[in-house]
$ cat coords37.txt   # compact mmCIF, C-alpha atoms (C1' of nucleotides)
# COMPACT_ATOMS: atom_id res chain seq x y z
CA MET E 694 56.62 -62.53 32.08
CA ARG E 695 55.80 -62.89 35.77
CA VAL E 696 57.15 -61.95 39.17
CA GLN E 697 56.46 -65.27 40.57
CA ASN E 698 59.32 -67.32 39.35
CA ASN E 699 62.42 -65.33 39.24
CA PHE E 700 63.42 -63.34 42.22
CA LYS E 701 64.70 -65.06 45.26
CA LYS E 702 64.36 -68.38 43.56
CA GLY E 703 66.51 -67.19 40.70
CA ALA E 704 68.77 -65.17 43.01
CA VAL E 705 70.64 -68.05 44.66
CA GLU E 706 71.14 -69.80 41.34
CA MET E 707 72.21 -66.53 39.73
CA LEU E 708 74.73 -65.67 42.45
CA LEU E 709 76.30 -69.13 42.35
CA LEU E 710 76.70 -68.99 38.57
CA HIS E 711 78.05 -65.46 38.74
CA ILE E 712 80.79 -66.36 41.21
CA LEU E 713 81.80 -69.47 39.26
CA LYS E 714 82.10 -67.27 36.19
CA GLU E 715 84.07 -64.47 37.82
CA LYS E 716 86.25 -66.43 40.19
CA GLY E 717 86.47 -69.78 38.45
CA ASP E 718 85.98 -73.20 40.07
CA CYS E 719 84.93 -73.15 43.72
CA TYR E 720 83.77 -75.65 46.33
CA GLY E 721 80.49 -75.40 48.19
CA TYR E 722 81.58 -73.91 51.45
CA GLN E 723 83.74 -71.40 49.61
CA LEU E 724 80.74 -70.26 47.58
CA SER E 725 78.68 -69.65 50.70
CA GLN E 726 81.53 -67.69 52.31
CA LEU E 727 82.10 -65.59 49.18
CA ILE E 728 78.43 -64.65 49.02
CA LYS E 729 78.48 -63.80 52.70
CA SER E 730 81.58 -61.62 52.55
CA ALA E 731 80.76 -59.94 49.22
CA SER E 732 77.38 -58.91 50.67
CA ASP E 733 79.01 -57.64 53.89
CA GLY E 734 77.43 -60.45 55.88
CA TYR E 735 73.90 -59.79 54.73
CA LEU E 736 73.28 -62.75 52.44
CA ILE E 737 73.52 -66.04 54.27
CA ILE E 738 72.83 -69.13 52.20
CA PRO E 739 72.35 -72.08 54.53
CA GLU E 740 73.60 -75.50 53.46
CA GLY E 741 70.05 -76.73 53.04
CA SER E 742 69.60 -74.17 50.28
CA MET E 743 73.08 -74.12 48.83
CA TYR E 744 73.65 -77.80 48.13
CA PRO E 745 70.23 -78.59 46.66
CA ALA E 746 70.69 -75.56 44.40
CA LEU E 747 74.09 -76.85 43.27
CA TYR E 748 72.70 -80.34 42.63
CA LYS E 749 69.93 -78.86 40.56
CA LEU E 750 72.44 -76.91 38.49
CA ILE E 751 74.40 -80.13 37.90
CA ASP E 752 71.22 -82.00 36.91
CA LYS E 753 70.55 -79.40 34.27
CA GLY E 754 74.12 -79.42 33.00
CA TYR E 755 74.82 -75.78 33.86
CA ILE E 756 77.74 -76.78 36.06
CA SER E 757 79.82 -79.92 36.63
CA ASP E 758 81.61 -81.19 39.72
CA TYR E 759 84.85 -82.96 40.46
CA LYS E 760 86.61 -84.06 43.62
CA LYS E 761 89.98 -82.82 44.73
CA GLN E 762 92.04 -84.08 47.62
CA VAL E 763 93.42 -81.41 49.89
CA GLY E 764 96.19 -82.31 52.33
CA LYS E 765 96.11 -85.88 53.62
CA ARG E 766 92.47 -86.85 53.71
CA LEU E 767 90.12 -83.91 53.09
CA ILE E 768 88.26 -84.14 49.81
CA ARG E 769 86.58 -81.08 48.45
CA VAL E 770 83.92 -81.06 45.77
CA TYR E 771 84.64 -78.35 43.22
CA TYR E 772 82.07 -76.90 40.85
CA HIS E 773 82.83 -75.76 37.32
CA LEU E 774 80.70 -73.50 35.11
CA GLU E 775 79.75 -75.04 31.77
CA SER E 776 78.96 -72.99 28.68
CA SER E 777 75.23 -73.68 29.01
CA GLY E 778 75.56 -72.25 32.52
CA GLU E 779 76.98 -69.04 31.14
CA LYS E 780 73.94 -68.70 28.90
CA ARG E 781 71.69 -69.48 31.82
CA LEU E 782 73.38 -66.75 33.84
CA ILE E 783 72.72 -64.19 31.12
CA ASP E 784 69.03 -65.11 31.13
CA LEU E 785 68.81 -64.96 34.92
CA LEU E 786 70.49 -61.55 35.01
CA GLN E 787 68.11 -60.15 32.43
CA ASP E 788 65.14 -61.57 34.31
CA TYR E 789 66.43 -60.15 37.56
CA TYR E 790 66.87 -56.62 36.26
CA GLU E 791 63.58 -56.61 34.38
CA THR E 792 61.66 -57.88 37.38
CA LYS E 793 63.36 -55.36 39.64
CA GLU E 794 62.47 -52.50 37.31
CA SER E 795 58.88 -53.70 37.07
CA ILE E 796 58.51 -53.96 40.82
CA GLU E 797 59.88 -50.46 41.20
CA LYS E 798 57.56 -49.09 38.55
CA VAL E 799 54.70 -50.28 40.75
CA LEU E 800 56.33 -49.01 43.94
CA ASN E 801 56.96 -45.57 42.45
CA ASN E 802 53.42 -45.28 41.17
CA LYS E 803 51.13 -43.23 43.38
CA PHE E 804 48.01 -44.56 41.60
CA GLU E 805 46.46 -41.13 41.43
CA ASP E 806 45.79 -41.19 37.70
CA LEU E 807 45.25 -44.92 37.21
CA ASP E 808 41.52 -45.55 37.08
CA ILE E 809 41.18 -49.27 36.63
CA GLY E 810 38.09 -51.01 37.87
CA GLU E 811 36.32 -47.97 39.15
CA ALA E 812 33.52 -47.88 36.61
CA ALA E 813 30.90 -49.11 39.03
CA HIS E 814 29.73 -46.75 41.76
CA GLU E 815 26.58 -46.94 43.79
CA MET U 723 69.33 -61.37 57.68
CA ARG U 724 68.88 -63.78 54.79
CA VAL U 725 67.96 -63.72 51.15
CA GLN U 726 65.74 -66.62 51.40
CA ASN U 727 62.61 -65.23 52.82
CA ASN U 728 61.93 -61.89 51.40
CA PHE U 729 62.20 -61.43 47.74
CA LYS U 730 59.59 -62.79 45.45
CA LYS U 731 57.65 -64.05 48.40
CA GLY U 732 57.64 -60.60 49.90
CA ALA U 733 57.16 -58.90 46.55
CA VAL U 734 53.53 -59.83 45.95
CA GLU U 735 52.60 -59.01 49.52
CA MET U 736 54.54 -55.76 49.31
CA LEU U 737 52.94 -54.65 46.06
CA LEU U 738 49.42 -55.38 47.33
CA LEU U 739 50.01 -53.42 50.52
CA HIS U 740 51.61 -50.55 48.60
CA ILE U 741 48.64 -50.16 46.28
CA LEU U 742 46.13 -50.31 49.14
CA LYS U 743 48.12 -47.58 50.84
CA GLU U 744 48.49 -45.30 47.83
CA LYS U 745 45.15 -45.82 46.17
CA GLY U 746 42.94 -46.79 49.10
CA ASP U 747 40.50 -49.70 49.22
CA CYS U 748 40.51 -51.98 46.18
CA TYR U 749 38.96 -55.30 45.18
CA GLY U 750 40.95 -58.32 44.05
CA TYR U 751 40.61 -58.09 40.33
CA GLN U 752 41.36 -54.38 40.46
CA LEU U 753 44.60 -55.05 42.34
CA SER U 754 45.76 -57.51 39.71
CA GLN U 755 44.96 -55.05 36.92
CA LEU U 756 46.70 -52.18 38.68
CA ILE U 757 49.87 -54.23 39.11
CA LYS U 758 49.71 -55.29 35.50
CA SER U 759 49.21 -51.80 34.10
CA ALA U 760 51.64 -50.06 36.46
CA SER U 761 54.34 -52.53 35.39
CA ASP U 762 53.50 -52.04 31.69
CA GLY U 763 52.16 -55.57 31.48
CA TYR U 764 55.22 -57.26 32.90
CA LEU U 765 53.97 -58.34 36.30
CA ILE U 766 51.07 -60.76 36.05
CA ILE U 767 49.71 -62.04 39.34
CA PRO U 768 47.39 -64.98 38.62
CA GLU U 769 44.32 -65.48 40.79
CA GLY U 770 45.87 -68.58 42.31
CA SER U 771 48.61 -66.38 43.74
CA MET U 772 46.63 -63.22 44.37
CA TYR U 773 43.78 -64.56 46.49
CA PRO U 774 45.84 -66.83 48.76
CA ALA U 775 48.15 -63.84 49.34
CA LEU U 776 45.18 -61.63 50.25
CA TYR U 777 43.74 -64.27 52.59
CA LYS U 778 47.08 -64.57 54.31
CA LEU U 779 47.21 -60.81 54.81
CA ILE U 780 43.73 -60.92 56.33
CA ASP U 781 44.71 -63.80 58.64
CA LYS U 782 47.57 -61.73 59.97
CA GLY U 783 45.41 -58.64 60.42
CA TYR U 784 47.37 -56.50 57.96
CA ILE U 785 44.26 -55.89 55.88
CA SER U 786 40.53 -56.35 56.33
CA ASP U 787 37.79 -57.09 53.81
CA TYR U 788 34.19 -56.03 53.30
CA LYS U 789 31.59 -56.73 50.65
CA LYS U 790 29.98 -54.10 48.49
CA GLN U 791 27.12 -54.60 46.08
CA VAL U 792 27.65 -53.12 42.65
CA GLY U 793 24.68 -52.79 40.32
CA LYS U 794 21.96 -55.40 40.72
CA ARG U 795 23.71 -58.56 41.72
CA LEU U 796 27.49 -58.27 41.54
CA ILE U 797 29.19 -58.26 44.91
CA ARG U 798 32.75 -57.14 45.11
CA VAL U 799 35.10 -57.93 47.97
CA TYR U 800 37.07 -54.84 48.92
CA TYR U 801 40.30 -54.87 50.87
CA HIS U 802 41.33 -52.21 53.34
CA LEU U 803 44.82 -51.55 54.73
CA GLU U 804 45.02 -51.65 58.52
CA SER U 805 47.64 -49.76 60.54
CA SER U 806 49.57 -52.97 61.26
CA GLY U 807 49.66 -53.45 57.49
CA GLU U 808 51.30 -50.04 57.05
CA LYS U 809 54.01 -51.08 59.46
CA ARG U 810 54.37 -54.38 57.66
CA LEU U 811 54.78 -52.51 54.38
CA ILE U 812 57.59 -50.40 55.81
CA ASP U 813 59.41 -53.57 56.90
CA LEU U 814 58.91 -55.25 53.55
CA LEU U 815 60.19 -52.21 51.68
CA GLN U 816 63.29 -52.03 53.82
CA ASP U 817 63.91 -55.74 53.35
CA TYR U 818 63.41 -55.44 49.64
CA TYR U 819 65.90 -52.61 49.17
CA GLU U 820 68.48 -54.13 51.47
CA THR U 821 68.27 -57.49 49.75
CA LYS U 822 68.49 -55.86 46.35
CA GLU U 823 71.58 -53.92 47.34
CA SER U 824 73.18 -57.03 48.78
CA ILE U 825 72.51 -59.05 45.67
CA GLU U 826 74.01 -56.31 43.55
CA LYS U 827 77.08 -56.06 45.76
CA VAL U 828 77.71 -59.71 44.91
CA LEU U 829 76.91 -59.21 41.22
CA ASN U 830 79.24 -56.23 40.95
CA ASN U 831 82.07 -58.06 42.67
CA LYS U 832 84.65 -59.52 40.32
CA PHE U 833 86.12 -61.70 43.09
CA GLU U 834 89.66 -60.88 42.07
CA ASP U 835 90.81 -59.81 45.50
CA LEU U 836 88.60 -62.01 47.66
CA ASP U 837 90.64 -65.00 48.80
CA ILE U 838 88.30 -67.10 50.82
CA GLY U 839 88.89 -70.81 51.09
CA GLU U 840 91.98 -70.97 48.96
CA ALA U 841 94.47 -71.83 51.67
CA ALA U 842 94.83 -75.43 50.57
CA HIS U 843 96.76 -76.14 47.38
CA GLU U 844 98.33 -79.39 46.32
C1' DA C 84 22.83 -65.37 21.57
C1' DT C 85 27.50 -65.26 21.93
C1' DC C 86 31.83 -63.63 23.19
C1' DA C 87 35.09 -61.27 25.96
C1' DA C 88 36.07 -59.24 30.05
C1' DT C 89 35.14 -58.87 34.83
C1' DA C 90 35.14 -61.07 39.44
C1' DC C 91 35.82 -64.49 43.00
C1' DA C 92 37.39 -68.96 44.58
C1' DT C 93 39.95 -73.31 45.31
C1' DA C 94 42.12 -78.00 44.42
C1' DG C 95 46.30 -80.09 43.29
C1' DA C 96 50.95 -80.05 41.77
C1' DA C 97 55.35 -78.32 41.64
C1' DT C 98 59.14 -75.65 43.65
C1' DA C 99 61.94 -73.64 46.96
C1' DT C 100 63.70 -72.88 51.01
C1' DC C 101 64.42 -73.53 55.79
C1' DT C 102 65.50 -75.93 60.10
C1' DA C 103 67.96 -79.23 61.91
C1' DA C 104 70.80 -82.77 62.32
C1' DA C 105 74.43 -86.18 61.05
C1' DT C 106 79.10 -86.97 59.73
C1' DA C 107 83.92 -85.86 59.51
C1' DG C 108 88.45 -83.41 58.91
C1' DT C 109 91.44 -79.50 60.57
C1' DA C 110 93.55 -76.16 63.66
C1' DA C 111 94.33 -73.93 67.91
C1' DT C 112 94.49 -73.98 72.66
C1' DT C 113 94.81 -75.86 77.06
C1' DA K 267 94.67 -85.93 75.18
C1' DA K 268 90.64 -83.14 75.23
C1' DT K 269 88.04 -79.39 73.89
C1' DT K 270 86.43 -75.99 70.98
C1' DA K 271 85.74 -73.75 66.74
C1' DC K 272 85.75 -73.79 62.12
C1' DT K 273 85.72 -76.10 57.70
C1' DA K 274 83.03 -79.15 54.61
C1' DT K 275 79.32 -82.10 52.70
C1' DT K 276 74.87 -84.28 52.85
C1' DT K 277 70.05 -85.15 53.59
C1' DA K 278 65.35 -85.67 55.95
C1' DG K 279 61.29 -83.32 56.96
C1' DA K 280 58.54 -79.26 57.42
C1' DT K 281 56.81 -75.17 55.65
C1' DA K 282 55.64 -71.83 52.37
C1' DT K 283 54.67 -70.05 47.96
C1' DT K 284 53.27 -69.95 43.63
C1' DC K 285 51.46 -71.95 39.50
C1' DT K 286 48.18 -74.38 36.50
C1' DA K 287 43.84 -75.29 35.84
C1' DT K 288 39.31 -75.15 36.58
C1' DG K 289 34.56 -73.72 38.10
C1' DT K 290 31.06 -70.38 38.85
C1' DA K 291 28.77 -66.17 37.78
C1' DT K 292 28.04 -61.22 36.20
C1' DT K 293 28.39 -57.65 32.83
C1' DG K 294 28.80 -55.29 28.37
C1' DA K 295 29.28 -55.31 23.54
C1' DT K 296 28.10 -57.04 19.05
$ encode --input "coords37.txt" --output "structure tokens"
Amino acid sequence: MRVQNNFKKGAVEMLLLHILKEKGDCYGYQLSQLIKSASDGYLIIPEGSMYPALYKLIDKGYISDYKKQVGKRLIRVYYHLESSGEKRLIDLLQDYYETKESIEKVLNNKFEDLDIGEAAHE
Amino acid sequence: MRVQNNFKKGAVEMLLLHILKEKGDCYGYQLSQLIKSASDGYLIIPEGSMYPALYKLIDKGYISDYKKQVGKRLIRVYYHLESSGEKRLIDLLQDYYETKESIEKVLNNKFEDLDIGEAAHE
DNA sequence: ATCAATACATAGAATATCTAAATAGTAATT
DNA sequence: AATTACTATTTAGATATTCTATGTATTGAT
């Protein structure tokens, strides 16, 4: 019921959950690259935003992580969407679209007919 | 060139500037009521968000304020859009629409063909 | 007189995100 | 062998924003 909490804040979380749902398990760097390429280079999520967001999702049980050795020594941390994370994604998507529509209602309003707070004139 | 800075953060600022442009000078409470009614009650900007946002806009010279006595004692603080604020609004609008489109490019991507970061298999 | 709405303001807490750097493996080239 | 670039994860510290909550005061209606 407010702008304040759910746009950019929710956007990173929402995009991460969406990719894990559509593509399946991914590791951190892969997630950042997928967001970058799917948005034609426009959305850059720096590590300082990406990893804290992932840790928060783990804390809340929306995703889980596991390690996987690749080649001789490289260990990647993969993230897996849990069912509570799917529910969370649905909520975030609804919030996103509702907030977007509300913002655009305001932006498309020319405020010619709206007469709020104009009762008092000199 | 990044999500991070311009969605919700920019949204309050953008909506305030938009209303001042379309409707002309307004006072704080009026702005909050206009946003609320234009969004059919969905967007609620509490005072603790509204006033700091207005003060920040004044600091940067995008808007100015003046006091106006209404009735016997009540003094309202009106806000006026400056020309630098109109330019700022144009930038914020462009940012908003570009970010929105980028987010939706990611959301509409099923990630079936995108093969980033999958070179290494066991 | 009391209540609700109007109107402005700010302290304090909580969140989020960013910048920046540290650490390390891999791959290609020279 | 050295360099460079890219892949990959992590975290400290700074900044910014917004929220909750409260305080003060005016105005209008009952």
$ residues_around --input "coords37.txt" --residues "range 271-276 of chain K" --least-positions-apart "6" --cutoff "8 Å" --atoms "all atoms listed in the file" --output "ChimeraX atom specification"
/E:721-722,769 /C:108-109
$ write_last_selection --input "coords37.txt" --atoms "C-alpha atoms (C1' of nucleotides)" --output "PDB file, in the coordinates of the input"
ATOM      1  CA  GLY E 721      80.490 -75.400  48.190  1.00  0.00           C
ATOM      2  CA  TYR E 722      81.580 -73.910  51.450  1.00  0.00           C
ATOM      3  CA  ARG E 769      86.580 -81.080  48.450  1.00  0.00           C
TER       4      ARG E 769
ATOM      5  C1'  DG C 108      88.450 -83.410  58.910  1.00  0.00           C
ATOM      6  C1'  DT C 109      91.440 -79.500  60.570  1.00  0.00           C
TER       7       DT C 109
END
$ interface_residues --input "coords37.txt" --of "chain E" --to "chain K" --cutoff "10 Å" --atoms "all atoms listed in the file" --output "list in words"
Val696, Gln697, Asn698, Tyr720, Gly721, Tyr722, Gln723, Glu740, Gly741, Tyr744, Pro745, Leu767, Ile768, Arg769 and Val770 of chain E
$ atom_distance --input "coords37.txt" --atom1 "CA of Ala733 in chain U" --atom2 "CA of Ile751 in chain E"
28.7 Å
$ atom_distance --input "coords37.txt" --atom1 "CA of Glu715 in chain E" --atom2 "CA of Val828 in chain U"
10.6 Å
$ interface_residues --input "coords37.txt" --of "chain C" --to "chain U" --cutoff "12 Å" --atoms "all atoms listed in the file" --output "list in words"
DA88, DT89, DA90, DC91, DA92, DT93, DA94, DG95, DA99, DT100, DC101 and DT109 of chain C
$ atom_distance --input "coords37.txt" --atom1 "CA of Lys803 in chain E" --atom2 "CA of Lys758 in chain U"
14.5 Å
$ residues_around --input "coords37.txt" --residues "Lys798 in chain E" --least-positions-apart "6" --cutoff "9 Å" --atoms "only C-alpha atoms (C1' of nucleotides)" --output "compact mmCIF listing (two decimals) with C-alpha atoms, keeping the file's coordinate frame"
# COMPACT_ATOMS: atom_id res chain seq x y z
CA ALA U 760 51.64 -50.06 36.46
CA SER U 761 54.34 -52.53 35.39
CA ASP U 762 53.50 -52.04 31.69
$ residues_around --input "coords37.txt" --residues "range 734-741 of chain U" --least-positions-apart "4" --cutoff "7 Å" --atoms "all atoms listed in the file" --output "JSON, numbers by chain"
{"E": [800], "U": [730, 745, 753, 775, 803, 807, 811, 814]}
$ closest_residue --input "coords37.txt" --among "E:Leu727, E:Ile783, E:Tyr789, E:Leu750" --to "chain U" --atoms "all atoms listed in the file"
E:Leu727
$ decode --input "coords37.txt" --residues "chain C" --atoms "N, CA and C atoms (P, O5', C5', C4', C3', O3' and C1' of nucleotides)" --output "short mmCIF file (atom, residue, chain, number, x, y, z; two decimals), in the first residue's frame"
data_model
loop_
_atom_site.label_atom_id
_atom_site.label_comp_id
_atom_site.auth_asym_id
_atom_site.auth_seq_id
_atom_site.Cartn_x
_atom_site.Cartn_y
_atom_site.Cartn_z
P DA C 84 -15.13 24.33 27.42
"O5'" DA C 84 -16.22 23.06 27.13
"C5'" DA C 84 -15.75 22.17 27.26
"C4'" DA C 84 -15.99 20.95 26.40
"C3'" DA C 84 -14.64 20.37 26.06
"O3'" DA C 84 -14.77 18.98 26.28
"C1'" DA C 84 -15.85 20.76 24.04
P DT C 85 -13.64 18.03 26.52
"O5'" DT C 85 -13.81 17.20 25.17
"C5'" DT C 85 -15.13 16.88 24.74
"C4'" DT C 85 -15.11 16.33 23.33
"C3'" DT C 85 -13.80 15.65 22.92
"O3'" DT C 85 -14.13 14.45 22.28
"C1'" DT C 85 -14.39 17.26 21.31
P DC C 86 -13.05 13.24 22.18
"O5'" DC C 86 -13.08 13.01 20.61
"C5'" DC C 86 -14.35 12.96 19.95
"C4'" DC C 86 -14.18 13.29 18.48
"C3'" DC C 86 -12.93 12.65 17.84
"O3'" DC C 86 -13.35 11.82 16.77
"C1'" DC C 86 -13.11 14.98 17.28
P DA C 87 -12.30 10.84 16.07
"O5'" DA C 87 -12.16 11.53 14.64
"C5'" DA C 87 -13.33 12.00 13.98
"C4'" DA C 87 -12.93 12.89 12.81
"C3'" DA C 87 -11.73 12.36 12.02
"O3'" DA C 87 -12.02 12.49 10.64
"C1'" DA C 87 -11.30 14.57 12.76
P DA C 88 -11.09 11.84 9.54
"O5'" DA C 88 -10.48 13.14 8.85
"C5'" DA C 88 -11.36 14.16 8.40
"C4'" DA C 88 -10.59 15.44 8.17
"C3'" DA C 88 -9.33 15.26 7.32
"O3'" DA C 88 -9.41 16.15 6.22
"C1'" DA C 88 -8.86 16.51 9.28
P DT C 89 -8.29 16.24 5.15
"O5'" DT C 89 -7.47 17.51 5.66
"C5'" DT C 89 -8.15 18.75 5.74
"C4'" DT C 89 -7.22 19.79 6.35
"C3'" DT C 89 -5.92 20.02 5.58
"O3'" DT C 89 -5.81 21.40 5.32
"C1'" DT C 89 -5.49 19.75 7.88
P DA C 90 -4.81 21.99 4.28
"O5'" DA C 90 -3.40 21.84 5.00
"C5'" DA C 90 -2.90 22.95 5.76
"C4'" DA C 90 -1.64 22.61 6.49
"C3'" DA C 90 -0.50 21.95 5.70
"O3'" DA C 90 0.36 23.00 5.24
"C1'" DA C 90 -0.61 21.29 8.01
P DC C 91 1.75 22.66 4.54
"O5'" DC C 91 2.74 22.49 5.78
"C5'" DC C 91 2.96 23.60 6.64
"C4'" DC C 91 3.86 23.20 7.77
"C3'" DC C 91 5.21 22.65 7.31
"O3'" DC C 91 6.23 23.55 7.72
"C1'" DC C 91 4.25 21.34 9.06
P DA C 92 7.75 23.32 7.36
"O5'" DA C 92 8.22 22.31 8.47
"C5'" DA C 92 8.19 22.71 9.84
"C4'" DA C 92 8.67 21.57 10.71
"C3'" DA C 92 9.94 20.88 10.22
"O3'" DA C 92 11.03 21.34 11.00
"C1'" DA C 92 8.34 19.34 11.12
P DT C 93 12.50 20.91 10.67
"O5'" DT C 93 12.74 19.63 11.59
"C5'" DT C 93 12.28 19.66 12.93
"C4'" DT C 93 12.50 18.30 13.57
"C3'" DT C 93 13.77 17.59 13.12
"O3'" DT C 93 14.35 16.97 14.26
"C1'" DT C 93 11.95 16.16 12.83
P DA C 94 15.91 16.76 14.33
"O5'" DA C 94 16.04 15.68 15.49
"C5'" DA C 94 15.04 15.64 16.53
"C4'" DA C 94 14.83 14.20 16.98
"C3'" DA C 94 16.08 13.34 16.88
"O3'" DA C 94 16.14 12.51 18.03
"C1'" DA C 94 14.34 12.39 15.57
P DG C 95 17.41 11.61 18.31
"O5'" DG C 95 16.94 10.18 17.78
"C5'" DG C 95 15.69 9.66 18.21
"C4'" DG C 95 15.47 8.31 17.57
"C3'" DG C 95 16.76 7.50 17.40
"O3'" DG C 95 16.51 6.18 17.82
"C1'" DG C 95 15.68 7.77 15.30
P DA C 96 17.63 5.04 17.73
"O5'" DA C 96 16.98 4.09 16.64
"C5'" DA C 96 15.59 3.80 16.74
"C4'" DA C 96 15.15 3.00 15.54
"C3'" DA C 96 16.12 1.89 15.15
"O3'" DA C 96 15.39 0.68 15.02
"C1'" DA C 96 15.68 3.33 13.27
P DA C 97 16.13 -0.68 14.72
"O5'" DA C 97 15.76 -0.86 13.18
"C5'" DA C 97 14.46 -0.54 12.73
"C4'" DA C 97 14.43 -0.60 11.22
"C3'" DA C 97 15.28 -1.73 10.65
"O3'" DA C 97 14.45 -2.49 9.79
"C1'" DA C 97 15.81 0.34 9.59
P DT C 98 14.96 -3.84 9.13
"O5'" DT C 98 15.04 -3.48 7.59
"C5'" DT C 98 15.33 -2.16 7.27
"C4'" DT C 98 15.17 -1.91 5.79
"C3'" DT C 98 15.91 -2.91 4.92
"O3'" DT C 98 15.17 -3.07 3.71
"C1'" DT C 98 16.98 -0.76 4.82
P DA C 99 15.67 -4.16 2.63
"O5'" DA C 99 16.58 -3.26 1.71
"C5'" DA C 99 16.30 -1.88 1.67
"C4'" DA C 99 17.01 -1.27 0.49
"C3'" DA C 99 17.78 -2.25 -0.37
"O3'" DA C 99 17.45 -1.96 -1.72
"C1'" DA C 99 19.28 -0.66 0.62
P DT C 100 18.11 -2.74 -2.92
"O5'" DT C 100 19.41 -1.89 -3.22
"C5'" DT C 100 19.27 -0.49 -3.40
"C4'" DT C 100 20.62 0.16 -3.46
"C3'" DT C 100 21.63 -0.62 -4.31
"O3'" DT C 100 21.87 0.13 -5.49
"C1'" DT C 100 22.59 0.20 -2.28
P DC C 101 22.99 -0.28 -6.52
"O5'" DC C 101 24.24 0.59 -6.05
"C5'" DC C 101 24.05 1.99 -5.79
"C4'" DC C 101 25.37 2.61 -5.33
"C3'" DC C 101 26.56 2.13 -6.15
"O3'" DC C 101 27.24 3.24 -6.72
"C1'" DC C 101 26.95 1.78 -3.80
P DT C 102 28.48 2.94 -7.70
"O5'" DT C 102 29.72 3.12 -6.71
"C5'" DT C 102 29.77 4.21 -5.83
"C4'" DT C 102 31.04 4.14 -5.00
"C3'" DT C 102 32.28 3.76 -5.78
"O3'" DT C 102 33.35 4.59 -5.37
"C1'" DT C 102 31.97 2.23 -3.99
P DA C 103 34.74 4.61 -6.17
"O5'" DA C 103 35.60 3.57 -5.34
"C5'" DA C 103 35.50 3.57 -3.92
"C4'" DA C 103 36.14 2.33 -3.37
"C3'" DA C 103 37.28 1.77 -4.23
"O3'" DA C 103 38.48 1.94 -3.52
"C1'" DA C 103 35.85 0.03 -3.40
P DA C 104 39.88 1.58 -4.20
"O5'" DA C 104 40.27 0.23 -3.47
"C5'" DA C 104 40.05 0.13 -2.07
"C4'" DA C 104 39.90 -1.33 -1.69
"C3'" DA C 104 41.01 -2.23 -2.23
"O3'" DA C 104 41.84 -2.62 -1.16
"C1'" DA C 104 38.84 -3.24 -2.35
P DA C 105 43.19 -3.42 -1.41
"O5'" DA C 105 42.79 -4.90 -0.98
"C5'" DA C 105 42.09 -5.11 0.25
"C4'" DA C 105 41.67 -6.57 0.31
"C3'" DA C 105 42.73 -7.53 -0.23
"O3'" DA C 105 43.00 -8.54 0.73
"C1'" DA C 105 40.63 -7.93 -1.27
P DT C 106 44.27 -9.52 0.52
"O5'" DT C 106 43.62 -10.78 -0.20
"C5'" DT C 106 42.52 -11.45 0.39
"C4'" DT C 106 41.97 -12.47 -0.58
"C3'" DT C 106 43.06 -13.23 -1.34
"O3'" DT C 106 43.07 -14.58 -0.94
"C1'" DT C 106 41.24 -12.58 -2.74
P DA C 107 44.31 -15.54 -1.39
"O5'" DA C 107 43.73 -16.27 -2.68
"C5'" DA C 107 42.39 -16.70 -2.68
"C4'" DA C 107 41.97 -17.16 -4.07
"C3'" DA C 107 43.11 -17.67 -4.96
"O3'" DA C 107 42.74 -18.93 -5.47
"C1'" DA C 107 41.75 -16.15 -6.13
P DG C 108 43.75 -19.92 -6.16
"O5'" DG C 108 42.90 -20.36 -7.44
"C5'" DG C 108 41.58 -20.87 -7.24
"C4'" DG C 108 40.84 -20.84 -8.57
"C3'" DG C 108 41.60 -21.49 -9.72
"O3'" DG C 108 40.68 -22.24 -10.50
"C1'" DG C 108 41.15 -19.23 -10.26
P DT C 109 41.15 -23.15 -11.68
"O5'" DT C 109 40.95 -22.20 -12.93
"C5'" DT C 109 39.64 -21.83 -13.31
"C4'" DT C 109 39.69 -21.04 -14.62
"C3'" DT C 109 40.51 -21.71 -15.73
"O3'" DT C 109 39.68 -21.73 -16.89
"C1'" DT C 109 41.17 -19.45 -15.45
P DA C 110 40.07 -22.64 -18.14
"O5'" DA C 110 40.30 -21.54 -19.26
"C5'" DA C 110 39.62 -20.30 -19.21
"C4'" DA C 110 40.23 -19.36 -20.24
"C3'" DA C 110 41.05 -20.05 -21.32
"O3'" DA C 110 40.70 -19.47 -22.56
"C1'" DA C 110 42.40 -18.45 -20.21
P DA C 111 41.23 -20.03 -23.93
"O5'" DA C 111 42.12 -18.79 -24.38
"C5'" DA C 111 41.55 -17.48 -24.34
"C4'" DA C 111 42.65 -16.48 -24.65
"C3'" DA C 111 43.62 -16.96 -25.73
"O3'" DA C 111 43.64 -16.01 -26.79
"C1'" DA C 111 44.80 -16.20 -23.79
P DT C 112 44.54 -16.26 -28.07
"O5'" DT C 112 45.75 -15.28 -27.73
"C5'" DT C 112 45.49 -14.03 -27.08
"C4'" DT C 112 46.79 -13.36 -26.68
"C3'" DT C 112 47.93 -13.51 -27.68
"O3'" DT C 112 48.37 -12.23 -28.06
"C1'" DT C 112 48.67 -13.99 -25.45
P DT C 113 49.41 -12.04 -29.23
"O5'" DT C 113 50.75 -11.75 -28.43
"C5'" DT C 113 50.74 -10.84 -27.33
"C4'" DT C 113 52.05 -10.94 -26.57
"C3'" DT C 113 53.26 -11.15 -27.46
"O3'" DT C 113 54.22 -10.13 -27.25
"C1'" DT C 113 53.28 -12.71 -25.67
#
